[in-house]
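**Q** You'll find run.txt just under this line, and it carries compact mmCIF, C-alpha atoms.
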```txt
# COMPACT_ATOMS: atom_id res chain seq x y z
CA GLU A 1 0.00 0.00 0.00
CA LYS A 2 1.60 3.24 -1.18
CA ALA A 3 -1.01 5.78 -0.16
CA GLU A 4 0.06 8.11 2.63
CA LEU A 5 -1.42 11.26 4.14
CA LYS A 6 0.36 14.32 2.85
CA GLY A 7 2.87 15.79 5.28
CA GLN A 8 2.88 12.76 7.60
CA LYS A 9 5.24 9.84 7.83
CA LYS A 10 3.74 6.42 7.94
CA ALA A 11 4.02 5.09 11.51
CA GLN A 12 5.29 1.57 11.94
CA LEU A 13 3.77 -0.28 14.90
CA PRO A 14 5.68 -3.15 16.48
CA ARG A 15 4.42 -6.64 15.77
CA GLU A 16 2.07 -8.19 18.32
CA SER A 17 4.81 -10.04 20.16
CA SER A 18 7.02 -9.51 23.19
CA GLU A 19 8.69 -6.51 21.53
CA VAL A 20 8.75 -3.29 23.50
CA ILE A 21 7.00 -0.10 22.42
CA GLU A 22 7.37 3.51 23.45
CA LEU A 23 4.40 5.38 24.89
CA ASN A 24 3.85 9.13 25.01
CA ILE A 25 1.56 9.88 27.92
CA GLY A 26 -0.08 13.28 27.78
CA GLY A 27 2.96 14.82 26.12
CA THR A 28 4.76 15.04 29.48
CA HIS A 29 5.95 11.49 30.21
CA SER A 30 7.34 8.59 28.22
CA SER A 31 7.25 4.91 29.07
CA THR A 32 8.78 1.88 27.40
CA THR A 33 6.81 -1.30 28.00
CA SER A 34 6.58 -4.84 26.76
CA ARG A 35 3.33 -6.34 25.56
CA SER A 36 3.33 -8.72 28.53
CA THR A 37 3.24 -5.74 30.92
CA ARG A 38 0.53 -3.70 29.24
CA THR A 39 -1.71 -6.77 28.73
CA LYS A 40 -0.98 -8.35 32.10
CA MET A 41 -4.52 -7.75 33.36
CA HIS A 42 -6.37 -9.46 30.52
CA ASN A 43 -9.79 -7.98 31.28
CA SER A 44 -8.57 -4.40 31.69
CA LEU A 45 -9.21 -1.45 29.41
CA LEU A 46 -5.44 -1.11 28.98
CA ALA A 47 -5.17 -4.65 27.59
CA ALA A 48 -8.15 -3.99 25.31
CA MET A 49 -6.48 -0.86 23.97
CA PHE A 50 -3.63 -2.95 22.59
CA SER A 51 -5.76 -5.73 21.17
CA CYS A 52 -5.61 -6.48 17.46
CA SER A 53 -8.93 -4.76 16.81
CA ASN A 54 -7.80 -1.37 18.16
CA LYS A 55 -5.52 1.08 16.36
CA PRO A 56 -3.64 3.34 18.81
CA THR A 57 -2.99 6.99 18.01
CA ILE A 58 0.56 7.65 16.81
CA HIS A 59 2.28 10.97 17.58
CA LYS A 60 5.90 11.62 16.64
CA GLY A 61 6.56 7.92 16.23
CA LYS A 62 5.18 6.94 19.65
CA ILE A 63 1.81 5.63 20.74
CA PHE A 64 0.00 8.58 22.29
CA ILE A 65 -2.17 8.09 25.38
CA ASP A 66 -4.22 11.11 26.41
CA ARG A 67 -3.84 10.76 30.19
CA ASP A 68 -1.86 12.51 32.92
CA GLY A 69 1.69 11.22 32.80
CA GLU A 70 2.66 10.68 36.43
CA PRO A 71 -0.18 8.39 37.59
CA PHE A 72 0.01 6.38 34.35
CA VAL A 73 3.75 5.75 34.78
CA MET A 74 3.14 4.72 38.40
CA MET A 75 0.48 2.33 37.17
CA VAL A 76 2.91 0.74 34.70
CA SER A 77 5.40 0.28 37.54
CA PHE A 78 2.67 -1.44 39.57
CA LEU A 79 1.94 -3.79 36.65
CA ARG A 80 5.65 -4.68 36.37
CA THR A 81 6.34 -5.29 40.05
CA GLY A 82 2.97 -5.97 41.66
CA LEU A 83 3.92 -3.45 44.35
CA ILE A 84 2.01 -0.30 45.24
CA PRO A 85 4.33 2.72 44.80
CA MET A 86 5.39 5.07 47.56
CA PHE A 87 3.31 8.26 47.54
CA GLU A 88 4.55 11.73 48.39
CA SER A 89 1.07 13.12 49.02
CA LYS A 90 -2.57 12.14 49.38
CA PHE A 91 -3.22 13.84 46.06
CA GLN A 92 -0.65 11.64 44.31
CA GLU A 93 -2.08 8.54 46.00
CA GLN A 94 -5.63 9.36 44.89
CA ASN A 95 -4.49 10.00 41.32
CA PHE A 96 -2.86 6.57 41.24
CA TYR A 97 -6.03 4.80 42.39
CA ASP A 98 -8.12 6.85 39.97
CA GLU A 99 -5.83 5.74 37.13
CA LEU A 100 -6.26 2.09 38.08
CA GLU A 101 -10.01 2.56 38.17
CA TYR A 102 -10.05 4.26 34.76
CA TRP A 103 -8.12 1.40 33.13
CA GLN A 104 -10.13 -1.21 35.10
CA ILE A 105 -7.03 -2.69 36.70
CA PRO A 106 -7.62 -4.48 40.02
CA LEU A 107 -5.23 -4.00 42.90
CA ALA A 108 -5.47 -7.64 43.91
CA PRO A 109 -3.56 -10.27 41.94
CA GLU A 110 -5.38 -11.36 38.80
CA ASN A 111 -5.84 -14.89 40.12
CA LEU A 112 -8.43 -13.38 42.46
CA GLU A 113 -10.98 -14.12 39.74
CA ASN A 114 -9.85 -17.77 39.74
CA ASP A 115 -8.77 -17.76 43.33
CA SER A 116 -8.17 -21.39 44.17
CA GLU A 117 -4.43 -20.65 44.16
CA ALA A 118 -4.86 -17.46 46.20
CA ARG A 119 -6.66 -19.33 48.97
CA GLY A 120 -4.08 -20.86 51.25
CA ALA A 121 -4.55 -23.73 53.64
CA PHE A 122 -5.13 -23.28 57.36
CA ASP A 123 -2.61 -24.60 59.88
CA ASP A 124 -4.10 -27.51 61.84
CA GLN A 125 -1.35 -27.06 64.47
CA TRP A 126 -2.57 -23.52 65.12
CA CYS A 127 -6.34 -24.00 65.14
CA ALA A 128 -8.49 -23.46 68.23
CA SER A 129 -10.19 -26.55 69.64
CA THR A 130 -13.50 -24.68 69.26
CA LEU A 131 -13.13 -24.73 65.46
CA ARG A 132 -13.25 -27.61 63.00
CA LEU A 133 -11.09 -28.01 59.88
CA ASP A 134 -12.00 -30.17 56.90
CA SER A 135 -9.72 -32.95 55.65
CA ASP A 136 -7.56 -30.74 53.39
CA ASN A 137 -7.43 -27.80 55.85
CA HIS A 138 -9.03 -25.38 53.39
CA THR A 139 -12.32 -24.94 55.23
CA VAL A 140 -12.83 -24.01 58.87
CA VAL A 141 -16.23 -24.27 60.57
CA LYS A 142 -17.36 -22.36 63.62
CA ASN A 143 -20.20 -23.96 65.54
CA GLY A 144 -22.27 -21.80 67.84
CA GLY A 145 -21.02 -18.69 69.60
CA THR A 146 -17.72 -20.03 70.96
CA HIS A 147 -14.68 -17.91 70.09
CA GLY A 148 -11.73 -19.38 68.20
CA ILE A 149 -8.67 -18.37 66.17
CA VAL A 150 -6.95 -20.18 63.30
CA PHE A 151 -3.74 -19.26 61.47
CA CYS A 152 -2.94 -19.75 57.81
CA LYS A 153 -0.22 -22.25 57.09
CA ASP A 154 1.86 -19.88 54.98
CA ALA A 155 2.91 -16.44 56.18
CA LEU A 156 2.39 -13.25 54.16
CA THR A 157 5.74 -12.17 52.73
CA ALA A 158 7.16 -10.01 49.94
CA THR A 159 6.58 -12.85 47.45
CA ASN A 160 3.50 -14.45 49.02
CA HIS A 161 1.70 -11.14 49.53
CA TYR A 162 -1.97 -12.00 49.02
CA ILE A 163 -4.41 -14.51 50.45
CA ALA A 164 -8.19 -14.81 50.24
CA PHE A 165 -10.94 -16.43 52.30
CA LYS A 166 -14.53 -17.20 51.42
CA VAL A 167 -16.83 -16.66 54.39
CA THR A 168 -20.23 -18.38 54.35
CA ILE A 169 -22.97 -17.95 56.95
CA SER A 170 -24.99 -21.15 56.89
CA LEU A 171 -27.09 -20.52 60.00
CA LEU A 172 -28.15 -17.25 61.59
CA THR A 173 -28.16 -17.21 65.39
CA ARG A 174 -29.15 -14.69 68.01
CA GLY A 175 -26.57 -12.49 69.66
CA LYS A 176 -23.52 -10.60 68.44
CA SER A 177 -20.96 -12.24 66.20
CA ASN A 178 -17.58 -10.93 65.02
CA LEU A 179 -15.23 -11.90 62.23
CA PHE A 180 -11.67 -10.67 62.65
CA VAL A 181 -9.08 -11.11 59.89
CA GLY A 182 -5.60 -9.71 59.89
CA LEU A 183 -1.88 -10.01 60.38
CA VAL A 184 -0.19 -11.14 63.60
CA ASP A 185 3.30 -11.90 64.86
CA ARG A 186 3.05 -15.61 65.59
CA THR A 187 6.27 -15.55 67.62
CA ASN A 188 4.36 -13.58 70.30
CA TYR A 189 1.46 -16.03 70.32
CA THR A 190 0.84 -19.18 72.32
CA ARG A 191 -1.63 -21.94 71.44
CA GLU A 192 -3.46 -21.37 74.74
CA HIS A 193 -4.49 -17.95 73.45
CA LEU A 194 -6.32 -19.33 70.41
CA THR A 195 -9.58 -19.29 72.37
CA SER A 196 -8.91 -16.06 74.29
CA THR A 197 -11.16 -13.02 73.86
CA TYR A 198 -8.67 -10.57 75.45
CA TRP A 199 -6.60 -8.19 73.35
CA LYS A 200 -3.66 -8.66 75.73
CA ASP A 201 -3.40 -12.22 74.42
CA SER A 202 -3.11 -10.96 70.83
CA PRO A 203 0.07 -8.81 70.77
CA SER A 204 1.58 -7.13 67.69
CA SER A 205 -1.58 -7.60 65.65
CA TYR A 206 -3.49 -5.77 62.92
CA TYR A 207 -7.15 -6.73 62.67
CA TRP A 208 -10.20 -5.85 60.63
CA ASP A 209 -13.49 -6.51 62.40
CA VAL A 210 -15.37 -7.22 59.18
CA TRP A 211 -18.98 -7.07 60.37
CA SER A 212 -18.46 -3.95 62.51
CA ARG A 213 -16.14 -2.32 59.91
CA ARG A 214 -13.59 -1.53 62.63
CA LEU A 215 -9.78 -1.60 62.54
CA VAL A 216 -7.86 -2.61 65.66
CA GLN A 217 -4.10 -2.56 66.23
CA THR A 218 -2.26 -3.90 69.29
CA ASP A 219 1.29 -3.28 70.45
CA SER A 220 3.85 -5.87 71.59
CA SER A 221 2.16 -6.02 75.02
CA GLY A 222 -1.31 -6.58 73.61
CA ASN A 223 -2.54 -3.07 74.40
CA GLN A 224 -4.75 -1.41 71.79
CA ALA A 225 -2.49 1.01 69.93
CA GLY A 226 -5.24 2.33 67.71
CA ALA A 227 -8.81 1.70 66.59
CA HIS A 228 -10.73 3.20 63.69
CA THR A 229 -14.35 2.77 62.65
CA HIS A 230 -16.16 2.80 59.31
CA TYR A 231 -13.44 1.04 57.33
CA GLY A 232 -14.69 -0.78 54.26
CA CYS A 233 -18.18 -1.34 52.92
CA ALA A 234 -20.90 -3.35 54.63
CA CYS A 235 -21.34 -7.03 53.80
CA GLU A 236 -24.38 -8.10 51.83
CA GLY A 237 -25.71 -11.63 51.60
CA ASN A 238 -24.53 -14.76 53.38
CA GLU A 239 -21.34 -15.26 51.38
CA THR A 240 -18.40 -12.85 51.32
CA GLU A 241 -14.88 -13.18 50.01
CA ILE A 242 -12.23 -11.49 52.11
CA GLY A 243 -8.70 -10.84 50.86
CA ILE A 244 -5.56 -9.55 52.59
CA LEU A 245 -2.76 -7.81 50.66
CA PHE A 246 0.56 -7.14 52.38
CA ASN A 247 2.96 -4.71 50.68
CA ALA A 248 6.36 -5.54 52.14
CA THR A 249 8.03 -2.58 50.39
CA ASN A 250 5.68 0.10 51.65
CA ARG A 251 4.86 -1.83 54.85
CA THR A 252 1.12 -1.45 54.30
CA LEU A 253 -1.83 -3.77 54.83
CA MET A 254 -4.94 -3.63 52.68
CA PHE A 255 -8.14 -5.65 52.78
CA TYR A 256 -10.46 -6.72 49.98
CA LYS A 257 -14.12 -7.59 49.99
CA ASN A 258 -15.45 -9.58 47.03
CA GLY A 259 -12.42 -8.56 44.98
CA ILE A 260 -12.76 -4.83 45.68
CA SER A 261 -10.05 -2.97 47.57
CA GLN A 262 -11.27 -1.31 50.76
CA GLY A 263 -8.23 0.99 50.82
CA ILE A 264 -5.06 0.94 52.94
CA ALA A 265 -5.96 -0.15 56.46
CA PHE A 266 -2.58 0.01 58.21
CA LYS A 267 0.75 1.67 57.51
CA HIS A 268 4.22 1.01 59.01
CA VAL A 269 3.35 -2.68 59.49
```
Represent the structure contained in this file as C-alpha cells.
**A**
Amino acid sequence: EKAELKGQKKAQLPRESSEVIELNIGGTHSSTTSRSTRTKMHNSLLAAMFSCSNKPTIHKGKIFIDRDGEPFVMMVSFLRTGLIPMFESKFQEQNFYDELEYWQIPLAPENLENDSEARGAFDDQWCASTLRLDSDNHTVVKNGGTHGIVFCKDALTATNHYIAFKVTISLLTRGKSNLFVGLVDRTNYTREHLTSTYWKDSPSSYYWDVWSRRLVQTDSSGNQAGAHTHYGCACEGNETEIGILFNATNRTLMFYKNGISQGIAFKHV
C-alpha cells in the first residue's frame, strides 16, 4: 500500500509479540513497556487498547495516550512489580487509584478471579479446639457462639503477599458475632491464646473486624495502639470473600471484599 497522508510519515507499529514499544503519555511522560506488561490484566481497558482490533494513536513515532503522565507511569510500575508505589502526598495517591479505576485494573492479583491458588490452607497445628477443619485444611467451621482463632499455614511475605478467604454464613443465630481477619506476629502467640477473647493475648496484631467495619491494632504487650471505625463497605448476603494484601516494600496492609479494595488499612506494618 503506497497511499500516505500528505505531510505525515507512515508510523510503523511493532508486531504483536514480546517486543517493546514507546508510549507518550499526555505529552509530558514517556514509558517503554513490553506487551506482557501492558496486557498483564487481561480484562482491563489497557489490555483492550492494545488488542488487534484497536488502532492506537501515533504521535511523533510513539503511541500517544491522552492521560496525565505521572499516575500512568506509576500504574505501569505497579503492573511490572505488583507493588504499590510510595506516595509523596494524598493527592498523588488518589491519582494513582483513579488511574487504576479508569483502566479497570484491580489491585489484587489477577488470580483473584480464579482464586483457588490465592486461597491458602489453614494450619491444623494452630487451630483453636473450638473450630473444626475439613480434611484438606481449606475450610474451617465455627459452631455456635464459641470464640476461636486459626492461622494460615503460609505467612504473608514479599513474594506471598496476598491470600483470600470465602466466608459463608450457613445458619443465623441470636446475639452478636464478630469476624476478625488480619496479620499477627506468631512468635508472640501461644496456642493457649487461640480461644482467648482478650486483646492482651493478641500482641503485635493488625485486625479488621469485618462485620463492625472496625480496625484494631495492638502493640507488643497486647494493648490497643489504635482503633478506627467505618473502614470498608458493609457485607451483603450470606457469602463474602475477604482478601488480605501485604505490601512488604511500603509496609502497608490492605483488605479486599469480594475482589474490591477497601483501601489501605494500616501503615508502618
**Q** How far is it from CA of Asn258 in chain A to CA of Gly243 in chain A, in Å with one decimal?
**A**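 Computing it gives 7.9 Å between the two atoms.
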**Q** Quick one, how far is CA of Ala155 in chain A from CA of Ser36 in chain A?
**A** 28.7 Å
**Q** For the contact check between range 15-66 of chain A and range 90-108 of chain A, emit one row per residue of range 15-66 of chain A within 6 Å, containing the shortest atom pair and the distance in Å rounded to one decimal, counting only C-alpha atoms, chain then rising number order, as JSON lines.
**A**
```
{"residue": "A:Ser44", "atom": "CA", "partner": "A:Gln104", "partner_atom": "CA", "distance": 4.9}
{"residue": "A:Leu45", "atom": "CA", "partner": "A:Trp103", "partner_atom": "CA", "distance": 4.8}
{"residue": "A:Leu46", "atom": "CA", "partner": "A:Trp103", "partner_atom": "CA", "distance": 5.5}
```
**Q** Expressed in Å to a single decimal, how great is the separation between CA of Asn160 in chain A and CA of Thr249 in chain A?
**A** 12.8 Å
**Q** Using only C-alpha atoms, collect all residues at a distance of at most 9 Å from (-14.2, -3.2, 61.5) as written in the file, then present them as number ranges by chain.
**A** A: 179-180, 207-216, 227-232
**Q** I want to know what sits within 10 Å of Thr197 in chain A, based on only C-alpha atoms, with residues of the same chain fewer than 6 positions away left out; could you give that as a ChimeraX atom specification?
**A** /A:147-149
**Q** Which residues are near range 184-195 of chain A? Cut-off 12 Å, all atoms listed in the file, ignore same chain within fewer than 5 positions. Put them as a VMD selection string.
**A** chain A and resid 123 to 131 145 to 156 200 to 208 216 to 222 246 253 269
**Q** Those same residues - C-alpha atoms - I'd like them written as a compact mmCIF listing (two decimals), in the coordinates of the input.
**A**
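part21.txt was written with the following content:
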```txt
# COMPACT_ATOMS: atom_id res chain seq x y z
CA ASP A 123 -2.61 -24.60 59.88
CA ASP A 124 -4.10 -27.51 61.84
CA GLN A 125 -1.35 -27.06 64.47
CA TRP A 126 -2.57 -23.52 65.12
CA CYS A 127 -6.34 -24.00 65.14
CA ALA A 128 -8.49 -23.46 68.23
CA SER A 129 -10.19 -26.55 69.64
CA THR A 130 -13.50 -24.68 69.26
CA LEU A 131 -13.13 -24.73 65.46
CA GLY A 145 -21.02 -18.69 69.60
CA THR A 146 -17.72 -20.03 70.96
CA HIS A 147 -14.68 -17.91 70.09
CA GLY A 148 -11.73 -19.38 68.20
CA ILE A 149 -8.67 -18.37 66.17
CA VAL A 150 -6.95 -20.18 63.30
CA PHE A 151 -3.74 -19.26 61.47
CA CYS A 152 -2.94 -19.75 57.81
CA LYS A 153 -0.22 -22.25 57.09
CA ASP A 154 1.86 -19.88 54.98
CA ALA A 155 2.91 -16.44 56.18
CA LEU A 156 2.39 -13.25 54.16
CA LYS A 200 -3.66 -8.66 75.73
CA ASP A 201 -3.40 -12.22 74.42
CA SER A 202 -3.11 -10.96 70.83
CA PRO A 203 0.07 -8.81 70.77
CA SER A 204 1.58 -7.13 67.69
CA SER A 205 -1.58 -7.60 65.65
CA TYR A 206 -3.49 -5.77 62.92
CA TYR A 207 -7.15 -6.73 62.67
CA TRP A 208 -10.20 -5.85 60.63
CA VAL A 216 -7.86 -2.61 65.66
CA GLN A 217 -4.10 -2.56 66.23
CA THR A 218 -2.26 -3.90 69.29
CA ASP A 219 1.29 -3.28 70.45
CA SER A 220 3.85 -5.87 71.59
CA SER A 221 2.16 -6.02 75.02
CA GLY A 222 -1.31 -6.58 73.61
CA PHE A 246 0.56 -7.14 52.38
CA LEU A 253 -1.83 -3.77 54.83
CA VAL A 269 3.35 -2.68 59.49
```
**Q** Name the closest residue to Gly26 in chain A among the candidates A:Thr57, A:Asn143, A:Asn223, A:Asn178; distances are taken between atoms, counting only C-alpha atoms.
**A**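 Closest candidate: A:Thr57.
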**Q** Which residue is closest to Tyr162 in chain A? Choose from A:Asn247, A:Thr139, A:Ser30, A:Ser77 and count all atoms listed in the file.
**A**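 Comparing A:Asn247, A:Thr139, A:Ser30, A:Ser77 against Tyr162 in chain A, the winner is A:Asn247.
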